[in-house]
Amino acid sequence: MVNNSAYFAQFLWQEFGHTNQVELNSIENLISAAIGLGARKVGEWSRTELDLTTSVRTLPFDRIEGIRNQINRGHDPLGETLCSLRSPEERRGSGATFTPLPIVEAMVSWAKTMRVCPDRVIEPGTGSGRFLLAAAKAFPGAQLLGIESDPVAAIVARANLAVQGCSKRSHVVLSDYRIADVPRISGPTLFIGNPPYVRHHKLDAAGKKWLSESAGRLGLKASQLSGLHVHFFLATALKGQKDDFGAFITSAEWLDVNYGELVRQLFLTRLGGQGITVVEPTSRTFSDAATTSAITQFVIGSRPERIRMSRTKNAARKETLTDGRLLNRSRFESENRWSILTRRPEKAREGYIELGELCEVHRGQVTGANRIWIAAINSSMLPESVLFPCVTRAKELFAAGDALCDVSHLRDVIDIPTDLAVFEKGDRRRIDDFLGRAKALGADRGYVARNRKAWWSVGLRSPAPILATYMARRPPAFVRNVADARHINIAHGIYPRTPLSPQILDRLAHLLSSTVTIKEGRTYAGGLTKFEPKEMERILIPNPMELETERVA
Ligand SMILES: C[S@@+](CC[C@H](N)C(=O)[O-])C[C@H]1O[C@@H](n2cnc3c(N)ncnc32)[C@H](O)[C@@H]1O
């Protein structure tokens, strides 16, 4: 333990103006101050905490009152002191970065905007109890429960709660939050706080085992690379009851990295994610942690159709947690990188939404070997059921004009089901003959074929109502696929997230063709412009209500 007494003396000088009262320069003195402030009045003492209080000494009355005044004025001198007495290395091991009070206030204010008043507030990884203290004022009738693994922090939280007159309705439990017993109550619980950020290589094997087993119980997979904040999200999803709600500020990593998949899954399922605010690092966020944070709001068991996303440099603004834009939940379901969803389209216009709000865009299937899987003379004897008229060249879409109404000029792609037992004898023999020839040409050995369920099954996507080219020296062609042609990877398919009438689809295709310019894509040397599926989803279009009217046609 490092005693940073020079810093601390300066802190006390600024805070209290009495150098002769510099007494909190050790953990023992910090605990003495906490006891002097009434920490014993808050229940659930553990043996470890009691042992820590054996060397408690009585601090001068005016010294204790000075600290009490600071706490009453909304400061956290004990919490600050605890941080200053621990080295950054030591704090990293337990993820102890306490939350700036303005952010705590903003998150608790959001909780107040919810229509339900919690019967209980839980701060997982309580630290000095900053969230519990703010929630105590916001919800005067709520029970307050802190769960903290560091005994000194737990004692400090008790002192803070006692000073605020919350002893009777507070409990602080010294425990690992993941396995702490949280009794069920009949009313709603608010889970609020800043789960510890500890990287996976500092976590022990038992914790990792807990994560994979607990995720498994929910039918989810957990990565062993998950940081401790992921464990806290999972523990909350498991402890929470329907209609419990909450907000956590964590590192924003989980939005995009592979190990964050578990949190993304929980957010969309059991946790009932409502909104995410990405907070860019500034001096106002965490002074000792220059990472991007995310504030995640949830209502357990809910399944909102639209999810709020925003990005801010100032998380202390109260509106930050309610403004932003509402995005269709299917976008979250289909994307595995979420932070991009917080970026507003540059030219956002009134009444316009991104195409991705309405439709998913998917590149067509890769065959792995067009010379084999695009039907030619060698496949003419195959049963019709495995031959699919398909757009296999971009020029077929450029030539189609507004709509592709006829498939007679398109080539067929051979798509054979994985289960060959579905064919009657004659067809099966013809398919086996074809597959024998394809194998002789090495069709089963290519990378794509080896990574399919069955090497012979191309797995074409279903016909997309609108097809688009995506790589050319000109803007993409958007074509209504009236003929239900399939497409391979030279085109993107545009699939409505919810059914759209043929009229709206016609207008949408027409509108995209007439308005999308190459500027919206990614231009490569030589003027070749490419639209990846996700880039195409970001194209702005009038919202569906507008498309219903003639105005935009
Ligand atoms: C990021 S700090 C947040 C403290 C406080 N909630 C705040 O926002 O100011 C995380 C806290 O979690 C505690 N902690 C770390 N691992 C824990 C665990 N497994 N169970 C409970 N608390 C834990 C740390 O000791 C630290 O106090």
# chains A, B, ... in the order shown; residues from 1 in each chain; ligands from 1
$ residues_near_ligand --ligand "ligand 1" --cutoff "9 Å" --atoms "only C-alpha atoms and all ligand atoms" --output "number ranges by chain"
A: 79, 91, 93-101, 104, 123-132, 146-154, 174-180, 192-198, 207, 228-229, 231-232, 249-250
$ write_last_selection --atoms "C-alpha atoms" --output "PDB file, in the first residue's frame"
ATOM      1  CA  GLY A  79     -13.649   8.224  -1.099  1.00  0.00           C
ATOM      2  CA  ARG A  91      -6.690   0.248  -8.040  1.00  0.00           C
ATOM      3  CA  GLY A  93      -6.499  -4.729  -9.954  1.00  0.00           C
ATOM      4  CA  SER A  94      -9.955  -4.081  -8.505  1.00  0.00           C
ATOM      5  CA  GLY A  95     -11.177  -1.568 -11.091  1.00  0.00           C
ATOM      6  CA  ALA A  96     -11.534   1.106  -8.433  1.00  0.00           C
ATOM      7  CA  THR A  97     -12.105   4.312 -10.408  1.00  0.00           C
ATOM      8  CA  PHE A  98     -14.801   6.240  -8.612  1.00  0.00           C
ATOM      9  CA  THR A  99     -17.381   8.101 -10.674  1.00  0.00           C
ATOM     10  CA  PRO A 100     -17.292  11.913 -10.888  1.00  0.00           C
ATOM     11  CA  LEU A 101     -20.243  13.262  -8.952  1.00  0.00           C
ATOM     12  CA  VAL A 104     -23.577  10.170 -10.825  1.00  0.00           C
ATOM     13  CA  GLU A 123     -24.962  -0.204  -6.298  1.00  0.00           C
ATOM     14  CA  PRO A 124     -22.865  -3.152  -7.491  1.00  0.00           C
ATOM     15  CA  GLY A 125     -19.215  -2.446  -6.680  1.00  0.00           C
ATOM     16  CA  THR A 126     -20.214   0.297  -4.267  1.00  0.00           C
ATOM     17  CA  GLY A 127     -16.889   2.021  -3.689  1.00  0.00           C
ATOM     18  CA  SER A 128     -17.598   4.946  -1.396  1.00  0.00           C
ATOM     19  CA  GLY A 129     -21.322   4.720  -2.200  1.00  0.00           C
ATOM     20  CA  ARG A 130     -21.636   7.697  -4.541  1.00  0.00           C
ATOM     21  CA  PHE A 131     -24.617   6.310  -6.420  1.00  0.00           C
ATOM     22  CA  LEU A 132     -26.361   5.132  -3.262  1.00  0.00           C
ATOM     23  CA  GLY A 146     -24.242  -1.721  -1.491  1.00  0.00           C
ATOM     24  CA  ILE A 147     -22.247  -4.782  -2.563  1.00  0.00           C
ATOM     25  CA  GLU A 148     -18.505  -4.266  -2.452  1.00  0.00           C
ATOM     26  CA  SER A 149     -15.508  -6.595  -2.301  1.00  0.00           C
ATOM     27  CA  ASP A 150     -13.034  -4.131  -0.755  1.00  0.00           C
ATOM     28  CA  PRO A 151     -13.565  -3.974   3.033  1.00  0.00           C
ATOM     29  CA  VAL A 152     -12.116  -0.464   3.382  1.00  0.00           C
ATOM     30  CA  ALA A 153     -14.356   0.903   0.628  1.00  0.00           C
ATOM     31  CA  ALA A 154     -17.317  -0.841   2.271  1.00  0.00           C
ATOM     32  CA  LEU A 174     -18.853  -7.274   1.727  1.00  0.00           C
ATOM     33  CA  SER A 175     -19.003  -9.746  -1.123  1.00  0.00           C
ATOM     34  CA  ASP A 176     -18.140 -10.516  -4.668  1.00  0.00           C
ATOM     35  CA  TYR A 177     -21.127  -9.078  -6.539  1.00  0.00           C
ATOM     36  CA  ARG A 178     -21.262 -12.035  -8.900  1.00  0.00           C
ATOM     37  CA  ILE A 179     -22.105 -14.479  -6.166  1.00  0.00           C
ATOM     38  CA  ALA A 180     -23.736 -12.138  -3.643  1.00  0.00           C
ATOM     39  CA  ILE A 192     -27.055   1.723 -10.747  1.00  0.00           C
ATOM     40  CA  GLY A 193     -23.331   2.267 -10.744  1.00  0.00           C
ATOM     41  CA  ASN A 194     -19.962   1.905 -12.335  1.00  0.00           C
ATOM     42  CA  PRO A 195     -19.000  -1.776 -12.524  1.00  0.00           C
ATOM     43  CA  PRO A 196     -15.274  -2.323 -12.120  1.00  0.00           C
ATOM     44  CA  TYR A 197     -13.159  -2.419 -15.251  1.00  0.00           C
ATOM     45  CA  VAL A 198     -10.614  -5.185 -14.763  1.00  0.00           C
ATOM     46  CA  GLY A 207     -14.380 -15.991 -11.878  1.00  0.00           C
ATOM     47  CA  LEU A 228     -15.011  -7.817 -15.069  1.00  0.00           C
ATOM     48  CA  HIS A 229     -17.666  -5.320 -16.220  1.00  0.00           C
ATOM     49  CA  HIS A 231     -19.366 -10.300 -15.417  1.00  0.00           C
ATOM     50  CA  PHE A 232     -21.315  -7.523 -13.660  1.00  0.00           C
ATOM     51  CA  ILE A 249     -21.387   3.390 -16.834  1.00  0.00           C
ATOM     52  CA  THR A 250     -18.611   1.140 -18.150  1.00  0.00           C
TER      53      THR A 250
END
$ residues_around --residues "A:Gly493" --least-positions-apart "4" --cutoff "6 Å" --atoms "only C-alpha atoms" --output "compact mmCIF listing (two decimals) with N, CA, C and O atoms, in the first residue's frame"
# COMPACT_ATOMS: atom_id res chain seq x y z
N VAL A 361 -29.27 -4.77 -45.54
CA VAL A 361 -28.60 -4.93 -46.84
C VAL A 361 -27.62 -6.10 -46.71
O VAL A 361 -26.81 -6.13 -45.78
N HIS A 362 -27.75 -7.06 -47.62
CA HIS A 362 -26.84 -8.22 -47.57
C HIS A 362 -26.20 -8.46 -48.92
O HIS A 362 -26.90 -8.50 -49.95
N ALA A 464 -34.31 -10.97 -52.96
CA ALA A 464 -34.46 -9.67 -52.29
C ALA A 464 -35.41 -8.81 -53.11
O ALA A 464 -35.29 -8.77 -54.34
N LEU A 467 -32.66 -5.15 -55.59
CA LEU A 467 -31.25 -5.54 -55.77
C LEU A 467 -30.45 -4.30 -56.11
O LEU A 467 -30.96 -3.38 -56.75
$ closest_residue --among "A:Ala394, A:Glu537, A:Arg450, A:Val422" --to "A:Arg474" --atoms "only C-alpha atoms"
A:Ala394
$ select_by_dssp --residues "stretch 271-324 of chain A" --states "strand (DSSP E)" --output "list in words"
Gly273, Gln274, Gly275, Ile276, Thr277, Val278, Val279, Ser293, Ala294, Ile295, Thr296, Gln297, Phe298, Val299, Arg306, Ile307, Arg308, Met309, Ser310, Arg311 and Thr312 of chain A
$ atom_distance --atom1 "atom CA of A:Val116" --atom2 "atom CA of A:Pro140"
13.5 Å
$ atom_distance --atom1 "atom CA of A:Gly227" --atom2 "atom CA of A:Leu85"
24.7 Å
$ select_by_dssp --residues "stretch 209-316 of chain A" --states "helix (DSSP H, G or I)" --output "PyMOL selection string"
chain A and resi 209-217+228-239+252-255+258-268
$ residues_around --residues "A:Ala440" --least-positions-apart "6" --cutoff "12 Å" --atoms "only C-alpha atoms" --output "list in words"
Ile372, Asp433 and Phe434 of chain A
$ atom_distance --atom1 "atom CA of A:Ser310" --atom2 "atom CA of A:Leu255"
12.9 Å
$ closest_residue --among "A:Arg411, A:Arg57, A:Arg86, A:Arg47" --to "A:His487" --atoms "only C-alpha atoms"
A:Arg411
$ residues_around --residues "A:Leu404" --least-positions-apart "5" --cutoff "12 Å" --atoms "only C-alpha atoms" --output "list of chain:residue names"
A:Pro389, A:Cys390, A:Val391, A:Glu396, A:Leu397, A:Phe398, A:Ala399, A:His409, A:Leu410, A:Pro463, A:Ala464, A:Pro465, A:Ile466, A:Leu467, A:Ala468, A:Ala477, A:Phe478, A:Val479, A:Arg480, A:Asn481, A:Val482, A:Ala483, A:Asp484, A:Ala485, A:Arg486, A:Asp506, A:Ala509
$ closest_residue --among "A:Thr269, A:Thr469, A:Thr189, A:Asn314" --to "A:Thr529" --atoms "only C-alpha atoms"
A:Thr469
$ residues_around --residues "A:Asp323" --least-positions-apart "2" --cutoff "9 Å" --atoms "only C-alpha atoms" --output "tab-separated table (two decimals) with N, CA and C atoms, in the first residue's frame"
chain	number	residue	atom	x	y	z
A	308	ARG	N	-32.51	3.84	-27.99
A	308	ARG	CA	-31.92	5.18	-28.07
A	308	ARG	C	-30.39	5.10	-28.12
A	309	MET	N	-29.81	5.83	-29.03
A	309	MET	CA	-28.35	5.87	-29.12
A	309	MET	C	-27.90	7.31	-29.13
A	310	SER	N	-26.87	7.63	-28.37
A	310	SER	CA	-26.33	8.99	-28.47
A	310	SER	C	-24.85	8.97	-28.16
A	319	GLU	N	-29.81	15.92	-19.98
A	319	GLU	CA	-30.54	15.49	-21.18
A	319	GLU	C	-29.78	14.41	-21.95
A	320	THR	N	-28.48	14.29	-21.68
A	320	THR	CA	-27.67	13.34	-22.44
A	320	THR	C	-28.27	11.94	-22.43
A	321	LEU	N	-28.89	11.59	-21.32
A	321	LEU	CA	-29.38	10.22	-21.21
A	321	LEU	C	-30.80	10.05	-21.73
A	325	ARG	N	-30.91	9.51	-30.87
A	325	ARG	CA	-31.92	9.09	-31.85
A	325	ARG	C	-32.35	7.66	-31.58
A	326	LEU	N	-33.59	7.40	-31.97
A	326	LEU	CA	-34.16	6.07	-31.73
A	326	LEU	C	-33.92	5.22	-32.95
$ closest_residue --among "A:Phe191, A:Phe332, A:Trp373, A:Phe245" --to "A:Glu261" --atoms "only C-alpha atoms"
A:Phe332
$ closest_residue --among "A:Met107, A:Ala33, A:Ile185, A:Leu190" --to "A:Val163" --atoms "only C-alpha atoms"
A:Ala33
$ decode --residues "stretch 67-92 of chain A" --atoms "N, CA, C and O atoms" --output "compact mmCIF listing (two decimals), in the first residue's frame"
# COMPACT_ATOMS: atom_id res chain seq x y z
N ILE A 67 -14.98 16.78 8.40
CA ILE A 67 -15.25 15.81 7.32
C ILE A 67 -16.76 15.69 7.10
O ILE A 67 -17.24 15.67 5.96
N ARG A 68 -17.50 15.65 8.20
CA ARG A 68 -18.96 15.54 8.08
C ARG A 68 -19.52 16.70 7.24
O ARG A 68 -20.37 16.52 6.38
N ASN A 69 -19.01 17.90 7.52
CA ASN A 69 -19.48 19.07 6.76
C ASN A 69 -19.21 18.91 5.27
O ASN A 69 -20.03 19.25 4.43
N GLN A 70 -18.02 18.40 4.98
CA GLN A 70 -17.68 18.20 3.57
C GLN A 70 -18.67 17.24 2.92
O GLN A 70 -19.14 17.46 1.81
N ILE A 71 -18.96 16.16 3.62
CA ILE A 71 -19.88 15.16 3.05
C ILE A 71 -21.26 15.79 2.87
O ILE A 71 -21.90 15.64 1.83
N ASN A 72 -21.69 16.55 3.88
CA ASN A 72 -23.00 17.19 3.78
C ASN A 72 -23.07 18.20 2.66
O ASN A 72 -24.14 18.49 2.13
N ARG A 73 -21.90 18.73 2.29
CA ARG A 73 -21.89 19.70 1.18
C ARG A 73 -21.76 18.99 -0.17
O ARG A 73 -21.55 19.61 -1.20
N GLY A 74 -21.88 17.65 -0.16
CA GLY A 74 -21.91 16.91 -1.43
C GLY A 74 -20.56 16.41 -1.89
O GLY A 74 -20.43 15.91 -3.01
N HIS A 75 -19.51 16.53 -1.04
CA HIS A 75 -18.19 16.03 -1.43
C HIS A 75 -18.01 14.59 -0.93
O HIS A 75 -18.82 14.08 -0.16
N ASP A 76 -16.94 13.99 -1.35
CA ASP A 76 -16.66 12.62 -0.92
C ASP A 76 -15.21 12.53 -0.42
O ASP A 76 -14.36 11.86 -1.01
N PRO A 77 -14.91 13.25 0.70
CA PRO A 77 -13.51 13.27 1.15
C PRO A 77 -12.96 11.89 1.47
O PRO A 77 -11.80 11.60 1.20
N LEU A 78 -13.79 11.01 2.04
CA LEU A 78 -13.26 9.68 2.40
C LEU A 78 -12.96 8.87 1.14
O LEU A 78 -11.93 8.20 1.05
N GLY A 79 -13.86 8.95 0.16
CA GLY A 79 -13.65 8.22 -1.10
C GLY A 79 -12.40 8.73 -1.81
O GLY A 79 -11.57 7.95 -2.28
N GLU A 80 -12.26 10.06 -1.86
CA GLU A 80 -11.08 10.66 -2.50
C GLU A 80 -9.81 10.18 -1.80
O GLU A 80 -8.81 9.86 -2.42
N THR A 81 -9.90 10.18 -0.49
CA THR A 81 -8.73 9.79 0.29
C THR A 81 -8.38 8.33 0.03
O THR A 81 -7.22 7.98 -0.17
N LEU A 82 -9.41 7.49 0.00
CA LEU A 82 -9.16 6.07 -0.26
C LEU A 82 -8.41 5.91 -1.58
O LEU A 82 -7.44 5.16 -1.67
N CYS A 83 -8.86 6.64 -2.61
CA CYS A 83 -8.18 6.54 -3.92
C CYS A 83 -6.74 7.01 -3.81
O CYS A 83 -5.83 6.40 -4.38
N SER A 84 -6.52 8.10 -3.07
CA SER A 84 -5.17 8.65 -3.02
C SER A 84 -4.22 7.76 -2.23
O SER A 84 -3.01 7.81 -2.41
N LEU A 85 -4.76 6.95 -1.34
CA LEU A 85 -3.90 6.08 -0.52
C LEU A 85 -3.54 4.79 -1.24
O LEU A 85 -2.74 3.99 -0.75
N ARG A 86 -4.16 4.56 -2.37
CA ARG A 86 -3.88 3.33 -3.12
C ARG A 86 -3.12 3.69 -4.40
O ARG A 86 -3.45 4.69 -5.06
N SER A 87 -2.19 2.87 -4.79
CA SER A 87 -1.45 3.14 -6.02
C SER A 87 -2.35 2.84 -7.22
O SER A 87 -3.28 2.02 -7.11
N PRO A 88 -2.08 3.50 -8.37
CA PRO A 88 -2.90 3.21 -9.56
C PRO A 88 -2.88 1.72 -9.88
O PRO A 88 -3.90 1.15 -10.25
N GLU A 89 -1.73 1.07 -9.69
CA GLU A 89 -1.61 -0.35 -9.99
C GLU A 89 -2.58 -1.16 -9.12
O GLU A 89 -3.31 -2.04 -9.58
N GLU A 90 -2.62 -0.78 -7.84
CA GLU A 90 -3.50 -1.47 -6.90
C GLU A 90 -4.98 -1.27 -7.28
O GLU A 90 -5.78 -2.20 -7.23
N ARG A 91 -5.29 -0.04 -7.70
CA ARG A 91 -6.69 0.25 -8.04
C ARG A 91 -7.09 -0.44 -9.34
O ARG A 91 -8.22 -0.86 -9.51
N ARG A 92 -6.11 -0.58 -10.25
CA ARG A 92 -6.42 -1.27 -11.51
C ARG A 92 -6.84 -2.71 -11.25
O ARG A 92 -7.71 -3.24 -11.91
